2 protein chains.
Amino acid sequence: MREITKEEREQGHEFLPKFDAHGLLIAIAVDSRTREILMVAYMDEEALAKTRETGLAHFHSRSRGRLWLKGESSGHFLRVEEIRVDCDQDALELVVQPEGPACHTGARSCFYRRIDGNRLESFES
Amino acid sequence: MREITKEEREQGHEFLPKFDAHGLLIAIAVDSRTREILMVAYMDEEALAKTRETGLAHFHSRSRGRLWLKGESSGHFLRVEEIRVDCDQDALELVVQPEGPACHTGARSCFYRRIDGNRLESFES
């Protein structure tokens, strides 16, 4: 495999996703309407390919060690409208339209608490 | 160390950050004014403590294997206004006021390209 330069990765127009030693990259799902971060998870090459192919967010579940279609059990799929990539191409931002609450707890976003001193405070943003 | 239940971690008001096997968790910096994702990186226990202590975002650089104060060489610090935590407490959202471009390339955000077919397209959001 040819060496990819820092210049190509950061300034180029070729999509060259950089998976880590475990074959994973970070994927952050953001609501296209509100811009709120809904959830963050990992993708491997298979999850990324399935996401691009189907338009539905797929991740790699580290705990279950397998491909995970977000919404496969809840029906709360994330429809991907756009995929953004960061400078070194080891993280993706998925701009999505959520079909229901994104969090398995039933919250719209997984980020429903903030640190307040040494405690967590719940909020609905 | 006592066992932390799923209920405590997801619904509790105690901050119980969950570091992975490498002692890391994901931290996503978001602009408090525009809500734009600026960058994503990892934090270890030390970086989290320093961030909370100083109000400036610190990360753990995996490539350099050390604590990294964002802006230490560029002066482009991220002032942390709020820290949000996700359901299982293995990811943080830092709501920040950036002092200059957040990306080392000079871009305001590290996410300055989107996938367009098989190419990357640059944009300024």
# chains A, B, ... in the order shown; residues from 1 in each chain; ligands from 1

call {"tool": "closest_atom_pairs", "arguments": {"of": "chain B", "to": "chain A", "cutoff": "9 Å", "atoms": "only C-alpha atoms", "output": "CSV"}}
result
residue,atom,partner,partner_atom,distance
B:Glu10,CA,A:Thr105,CA,7.9
B:Gln11,CA,A:Thr105,CA,8.8
B:Gly12,CA,A:Leu120,CA,7.5
B:His13,CA,A:Leu120,CA,4.4
B:Glu14,CA,A:Arg119,CA,5.2
B:Phe15,CA,A:Arg119,CA,5.9
B:Ile26,CA,A:Val40,CA,8.6
B:Ile28,CA,A:Ile28,CA,8.8
B:Arg35,CA,A:Arg35,CA,6.7
B:Glu36,CA,A:Arg35,CA,7.4
B:Ile37,CA,A:Glu93,CA,8.4
B:Met39,CA,A:Asp86,CA,7.7
B:Val40,CA,A:Ala91,CA,7.5
B:Glu82,CA,A:Arg114,CA,7.1
B:Ile83,CA,A:Arg114,CA,5.6
B:Arg84,CA,A:Arg114,CA,4.1
B:Val85,CA,A:Phe111,CA,5.5
B:Asp86,CA,A:Phe111,CA,4.3
B:Cys87,CA,A:Cys110,CA,5.2
B:Asp88,CA,A:Cys110,CA,8.4
B:Ala91,CA,A:Val40,CA,7.5
B:Leu92,CA,A:Phe111,CA,8.1
B:Glu93,CA,A:Phe111,CA,7.6
B:Cys103,CA,A:Cys87,CA,7.7
B:His104,CA,A:Cys87,CA,8.6
B:Thr105,CA,A:Cys87,CA,7.7
B:Ser109,CA,A:Asp86,CA,8.3
B:Cys110,CA,A:Asp86,CA,4.9
B:Phe111,CA,A:Asp86,CA,4.3
B:Tyr112,CA,A:Asp86,CA,6.7
B:Arg113,CA,A:Arg84,CA,5.7
B:Arg114,CA,A:Arg84,CA,4.1
B:Ile115,CA,A:Ile83,CA,5.6
B:Asp116,CA,A:Ile83,CA,8.5
B:Asn118,CA,A:Phe15,CA,6.8
B:Arg119,CA,A:Glu14,CA,5.2
B:Leu120,CA,A:His13,CA,4.4
B:Glu121,CA,A:His13,CA,6.4
B:Ser122,CA,A:His13,CA,8.0

call {"tool": "residues_around", "arguments": {"residues": "A:Phe19", "least_positions_apart": "6", "cutoff": "8 Å", "atoms": "only C-alpha atoms", "output": "list in words"}}
result
Leu25, Asp44, Glu45 and Asp90 of chain A

call {"tool": "write_last_selection", "arguments": {"atoms": "C-alpha atoms", "output": "PDB file, in the first residue's frame"}}
result
ATOM      1  CA  LEU A  25     -12.781   5.531  13.754  1.00  0.00           C
ATOM      2  CA  ASP A  44     -15.128  -0.042  11.280  1.00  0.00           C
ATOM      3  CA  GLU A  45     -14.733  -0.371   7.518  1.00  0.00           C
ATOM      4  CA  ASP A  90      -9.897   9.575  11.704  1.00  0.00           C
TER       5      ASP A  90
END

call {"tool": "atom_distance", "arguments": {"atom1": "atom CA of B:His58", "atom2": "atom CA of B:Glu72"}}
result
9.5 Å

call {"tool": "calpha_fit_and_write", "arguments": {"fixed": "chain B", "moving": "chain A", "output": "short mmCIF file (atom, residue, chain, number, x, y, z; two decimals) with C-alpha atoms, in the first residue's frame"}}
result
data_model
loop_
_atom_site.label_atom_id
_atom_site.label_comp_id
_atom_site.auth_asym_id
_atom_site.auth_seq_id
_atom_site.Cartn_x
_atom_site.Cartn_y
_atom_site.Cartn_z
CA MET A 1 -13.66 -0.77 43.91
CA ARG A 2 -17.41 -1.17 44.16
CA GLU A 3 -19.41 -2.19 41.11
CA ILE A 4 -21.22 0.67 39.37
CA THR A 5 -24.65 -0.33 38.11
CA LYS A 6 -25.96 0.54 34.66
CA GLU A 7 -28.77 2.45 36.38
CA GLU A 8 -26.33 4.59 38.39
CA ARG A 9 -24.23 5.31 35.34
CA GLU A 10 -27.13 6.22 33.07
CA GLN A 11 -29.65 7.83 35.38
CA GLY A 12 -27.56 8.88 38.36
CA HIS A 13 -26.33 12.30 39.36
CA GLU A 14 -22.84 11.13 40.22
CA PHE A 15 -20.09 11.81 37.69
CA LEU A 16 -18.56 8.39 37.05
CA PRO A 17 -16.43 8.79 33.90
CA LYS A 18 -15.81 5.47 32.19
CA PHE A 19 -12.34 5.24 30.69
CA ASP A 20 -11.71 2.46 28.16
CA ALA A 21 -9.05 -0.27 28.30
CA HIS A 22 -6.45 2.35 27.33
CA GLY A 23 -7.62 4.76 30.05
CA LEU A 24 -9.26 7.08 27.53
CA LEU A 25 -12.64 8.60 26.76
CA ILE A 26 -13.82 10.64 23.78
CA ALA A 27 -14.12 14.43 24.15
CA ILE A 28 -15.94 16.49 21.51
CA ALA A 29 -15.45 20.26 21.55
CA VAL A 30 -18.43 22.31 20.37
CA ASP A 31 -18.53 26.08 19.85
CA SER A 32 -20.91 27.55 22.46
CA ARG A 33 -21.99 30.27 20.06
CA THR A 34 -22.51 28.39 16.79
CA ARG A 35 -22.90 24.80 18.15
CA GLU A 36 -20.47 23.68 15.43
CA ILE A 37 -18.26 20.70 16.26
CA LEU A 38 -14.71 22.07 16.38
CA MET A 39 -12.64 18.96 17.07
CA VAL A 40 -12.65 15.56 18.70
CA ALA A 41 -9.86 14.00 20.75
CA TYR A 42 -9.21 11.71 23.69
CA MET A 43 -8.87 12.51 27.38
CA ASP A 44 -7.31 10.40 30.09
CA GLU A 45 -7.91 10.99 33.79
CA GLU A 46 -5.12 13.59 33.97
CA ALA A 47 -6.42 15.58 30.97
CA LEU A 48 -9.93 15.60 32.43
CA ALA A 49 -8.66 16.75 35.83
CA LYS A 50 -6.56 19.54 34.26
CA THR A 51 -9.49 20.66 32.12
CA ARG A 52 -11.78 20.91 35.14
CA GLU A 53 -9.09 22.63 37.22
CA THR A 54 -8.04 25.26 34.67
CA GLY A 55 -11.13 25.71 32.49
CA LEU A 56 -8.95 25.16 29.41
CA ALA A 57 -9.39 22.01 27.31
CA HIS A 58 -6.62 19.46 27.81
CA PHE A 59 -6.43 16.17 25.92
CA HIS A 60 -4.25 13.11 25.84
CA SER A 61 -2.22 12.92 22.66
CA ARG A 62 -2.03 9.29 21.59
CA SER A 63 0.69 9.99 19.01
CA ARG A 64 2.88 11.87 21.47
CA GLY A 65 1.83 9.79 24.47
CA ARG A 66 1.42 12.78 26.74
CA LEU A 67 -0.86 15.45 28.19
CA TRP A 68 -1.69 18.10 25.61
CA LEU A 69 -3.02 21.54 26.47
CA LYS A 70 -4.95 22.55 23.34
CA GLY A 71 -3.35 25.83 22.22
CA GLU A 72 -0.06 25.25 24.04
CA SER A 73 1.90 26.08 20.88
CA SER A 74 -0.66 28.07 18.83
CA GLY A 75 -2.22 30.08 21.65
CA HIS A 76 -5.61 28.94 20.35
CA PHE A 77 -7.03 27.72 23.64
CA LEU A 78 -10.54 26.37 24.12
CA ARG A 79 -12.25 27.92 27.15
CA VAL A 80 -14.63 25.36 28.58
CA GLU A 81 -18.01 26.77 29.58
CA GLU A 82 -19.81 23.50 30.20
CA ILE A 83 -19.11 19.77 30.18
CA ARG A 84 -21.84 17.36 29.14
CA VAL A 85 -21.66 13.60 29.54
CA ASP A 86 -23.35 10.86 27.56
CA CYS A 87 -25.58 8.04 28.82
CA ASP A 88 -22.84 5.54 29.66
CA GLN A 89 -20.35 8.24 30.65
CA ASP A 90 -17.63 7.23 28.20
CA ALA A 91 -17.88 10.40 26.09
CA LEU A 92 -17.90 14.10 26.93
CA GLU A 93 -19.15 17.14 25.06
CA LEU A 94 -17.15 20.25 25.89
CA VAL A 95 -19.08 23.43 25.20
CA VAL A 96 -16.30 25.92 24.55
CA GLN A 97 -15.36 29.42 23.56
CA PRO A 98 -12.48 29.05 21.06
CA GLU A 99 -9.64 31.58 21.10
CA GLY A 100 -8.85 31.35 17.42
CA PRO A 101 -9.10 28.54 14.86
CA ALA A 102 -9.53 25.16 16.57
CA CYS A 103 -7.80 23.17 13.82
CA HIS A 104 -4.02 23.06 13.45
CA THR A 105 -4.55 23.62 9.68
CA GLY A 106 -5.91 27.09 10.45
CA ALA A 107 -9.53 26.12 9.81
CA ARG A 108 -12.13 27.19 12.36
CA SER A 109 -13.23 23.58 12.76
CA CYS A 110 -11.40 20.34 11.95
CA PHE A 111 -14.53 19.29 10.02
CA TYR A 112 -14.06 21.40 6.88
CA ARG A 113 -14.77 18.74 4.23
CA ARG A 114 -17.79 16.63 3.36
CA ILE A 115 -18.04 13.46 1.31
CA ASP A 116 -19.46 14.15 -2.13
CA GLY A 117 -19.71 10.87 -4.02
CA ASN A 118 -16.21 9.46 -3.79
CA ARG A 119 -14.52 12.82 -3.34
CA LEU A 120 -14.16 15.28 -0.51
CA GLU A 121 -15.51 18.77 -0.97
CA SER A 122 -14.25 21.65 1.15
CA PHE A 123 -16.73 24.06 2.65
CA GLU A 124 -16.96 26.85 5.16
CA SER A 125 -20.10 26.35 7.19
#

call {"tool": "select_by_dssp", "arguments": {"residues": "chain A", "states": "alpha helix (DSSP H)", "output": "PDB file with N, CA and C atoms, in the first residue's frame"}}
result
ATOM      1  N   LYS A   6       0.733  13.520   4.781  1.00  0.00           N
ATOM      2  CA  LYS A   6      -0.059  14.368   5.680  1.00  0.00           C
ATOM      3  C   LYS A   6      -0.838  15.401   4.853  1.00  0.00           C
ATOM      4  N   GLU A   7      -0.178  15.923   3.853  1.00  0.00           N
ATOM      5  CA  GLU A   7      -0.772  16.917   2.937  1.00  0.00           C
ATOM      6  C   GLU A   7      -2.013  16.339   2.228  1.00  0.00           C
ATOM      7  N   GLU A   8      -1.860  15.124   1.683  1.00  0.00           N
ATOM      8  CA  GLU A   8      -2.982  14.482   0.996  1.00  0.00           C
ATOM      9  C   GLU A   8      -4.157  14.261   1.936  1.00  0.00           C
ATOM     10  N   ARG A   9      -3.801  13.797   3.165  1.00  0.00           N
ATOM     11  CA  ARG A   9      -4.853  13.476   4.115  1.00  0.00           C
ATOM     12  C   ARG A   9      -5.593  14.721   4.593  1.00  0.00           C
ATOM     13  N   GLU A  10      -4.845  15.805   4.779  1.00  0.00           N
ATOM     14  CA  GLU A  10      -5.447  17.005   5.367  1.00  0.00           C
ATOM     15  C   GLU A  10      -6.025  17.980   4.353  1.00  0.00           C
ATOM     16  N   GLN A  11      -5.393  18.042   3.185  1.00  0.00           N
ATOM     17  CA  GLN A  11      -5.826  19.063   2.226  1.00  0.00           C
ATOM     18  C   GLN A  11      -6.425  18.455   0.970  1.00  0.00           C
ATOM     19  N   GLU A  45     -14.591  -0.536   8.966  1.00  0.00           N
ATOM     20  CA  GLU A  45     -14.733  -0.371   7.518  1.00  0.00           C
ATOM     21  C   GLU A  45     -16.110  -0.861   7.036  1.00  0.00           C
ATOM     22  N   GLU A  46     -16.568  -1.966   7.622  1.00  0.00           N
ATOM     23  CA  GLU A  46     -17.864  -2.537   7.245  1.00  0.00           C
ATOM     24  C   GLU A  46     -19.011  -1.585   7.594  1.00  0.00           C
ATOM     25  N   ALA A  47     -18.981  -1.020   8.800  1.00  0.00           N
ATOM     26  CA  ALA A  47     -20.047  -0.110   9.233  1.00  0.00           C
ATOM     27  C   ALA A  47     -20.090   1.134   8.344  1.00  0.00           C
ATOM     28  N   LEU A  48     -18.912   1.632   7.985  1.00  0.00           N
ATOM     29  CA  LEU A  48     -18.849   2.801   7.110  1.00  0.00           C
ATOM     30  C   LEU A  48     -19.409   2.474   5.722  1.00  0.00           C
ATOM     31  N   ALA A  49     -19.041   1.316   5.197  1.00  0.00           N
ATOM     32  CA  ALA A  49     -19.530   0.904   3.875  1.00  0.00           C
ATOM     33  C   ALA A  49     -21.054   0.747   3.893  1.00  0.00           C
ATOM     34  N   LYS A  50     -21.580   0.109   4.926  1.00  0.00           N
ATOM     35  CA  LYS A  50     -23.031  -0.104   5.039  1.00  0.00           C
ATOM     36  C   LYS A  50     -23.773   1.225   5.187  1.00  0.00           C
ATOM     37  N   THR A  51     -23.184   2.141   5.924  1.00  0.00           N
ATOM     38  CA  THR A  51     -23.800   3.460   6.112  1.00  0.00           C
ATOM     39  C   THR A  51     -23.896   4.182   4.775  1.00  0.00           C
ATOM     40  N   ARG A  52     -22.819   4.142   4.020  1.00  0.00           N
ATOM     41  CA  ARG A  52     -22.793   4.844   2.728  1.00  0.00           C
ATOM     42  C   ARG A  52     -23.737   4.183   1.727  1.00  0.00           C
ATOM     43  N   GLU A  53     -23.843   2.859   1.812  1.00  0.00           N
ATOM     44  CA  GLU A  53     -24.655   2.077   0.878  1.00  0.00           C
ATOM     45  C   GLU A  53     -26.154   2.277   1.135  1.00  0.00           C
ATOM     46  N   THR A  54     -26.531   2.292   2.427  1.00  0.00           N
ATOM     47  CA  THR A  54     -27.955   2.294   2.779  1.00  0.00           C
ATOM     48  C   THR A  54     -28.492   3.675   3.171  1.00  0.00           C
TER      49      THR A  54
END

call {"tool": "select_by_dssp", "arguments": {"residues": "stretch 53-123 of chain B", "states": "strand (DSSP E or B)", "output": "number ranges by chain"}}
result
B: 56, 58-61, 66-69, 78-85, 91-98, 113-116, 119-122

call {"tool": "decode", "arguments": {"residues": "stretch 13-80 of chain B", "atoms": "C-alpha atoms", "output": "compact mmCIF listing (two decimals), in the first residue's frame"}}
result
# COMPACT_ATOMS: atom_id res chain seq x y z
CA HIS B 13 -26.33 12.29 39.38
CA GLU B 14 -22.83 11.12 40.23
CA PHE B 15 -20.10 11.80 37.69
CA LEU B 16 -18.54 8.38 37.05
CA PRO B 17 -16.44 8.79 33.90
CA LYS B 18 -15.81 5.49 32.17
CA PHE B 19 -12.34 5.24 30.67
CA ASP B 20 -11.71 2.45 28.15
CA ALA B 21 -9.04 -0.27 28.29
CA HIS B 22 -6.44 2.36 27.32
CA GLY B 23 -7.61 4.77 30.03
CA LEU B 24 -9.26 7.09 27.52
CA LEU B 25 -12.63 8.60 26.75
CA ILE B 26 -13.82 10.65 23.78
CA ALA B 27 -14.12 14.43 24.14
CA ILE B 28 -15.93 16.49 21.50
CA ALA B 29 -15.44 20.26 21.54
CA VAL B 30 -18.42 22.31 20.37
CA ASP B 31 -18.52 26.07 19.85
CA SER B 32 -20.89 27.55 22.45
CA ARG B 33 -21.99 30.27 20.06
CA THR B 34 -22.51 28.38 16.78
CA ARG B 35 -22.90 24.79 18.15
CA GLU B 36 -20.47 23.69 15.43
CA ILE B 37 -18.25 20.69 16.26
CA LEU B 38 -14.72 22.06 16.39
CA MET B 39 -12.62 18.97 17.07
CA VAL B 40 -12.64 15.56 18.69
CA ALA B 41 -9.85 14.00 20.73
CA TYR B 42 -9.21 11.71 23.68
CA MET B 43 -8.87 12.50 27.36
CA ASP B 44 -7.33 10.40 30.09
CA GLU B 45 -7.92 10.98 33.80
CA GLU B 46 -5.13 13.59 33.97
CA ALA B 47 -6.42 15.58 30.98
CA LEU B 48 -9.93 15.59 32.42
CA ALA B 49 -8.67 16.76 35.82
CA LYS B 50 -6.56 19.54 34.25
CA THR B 51 -9.48 20.66 32.11
CA ARG B 52 -11.78 20.91 35.12
CA GLU B 53 -9.10 22.62 37.20
CA THR B 54 -8.04 25.26 34.66
CA GLY B 55 -11.14 25.72 32.49
CA LEU B 56 -8.95 25.15 29.41
CA ALA B 57 -9.38 22.01 27.30
CA HIS B 58 -6.61 19.45 27.81
CA PHE B 59 -6.43 16.17 25.91
CA HIS B 60 -4.25 13.11 25.84
CA SER B 61 -2.20 12.92 22.68
CA ARG B 62 -2.03 9.28 21.60
CA SER B 63 0.72 10.00 19.04
CA ARG B 64 2.91 11.88 21.50
CA GLY B 65 1.84 9.79 24.50
CA ARG B 66 1.43 12.79 26.76
CA LEU B 67 -0.85 15.46 28.21
CA TRP B 68 -1.69 18.11 25.63
CA LEU B 69 -3.02 21.54 26.46
CA LYS B 70 -4.94 22.56 23.34
CA GLY B 71 -3.35 25.83 22.22
CA GLU B 72 -0.05 25.25 24.04
CA SER B 73 1.91 26.09 20.89
CA SER B 74 -0.64 28.08 18.84
CA GLY B 75 -2.22 30.10 21.64
CA HIS B 76 -5.61 28.95 20.35
CA PHE B 77 -7.02 27.72 23.64
CA LEU B 78 -10.52 26.37 24.11
CA ARG B 79 -12.23 27.93 27.15
CA VAL B 80 -14.63 25.36 28.57
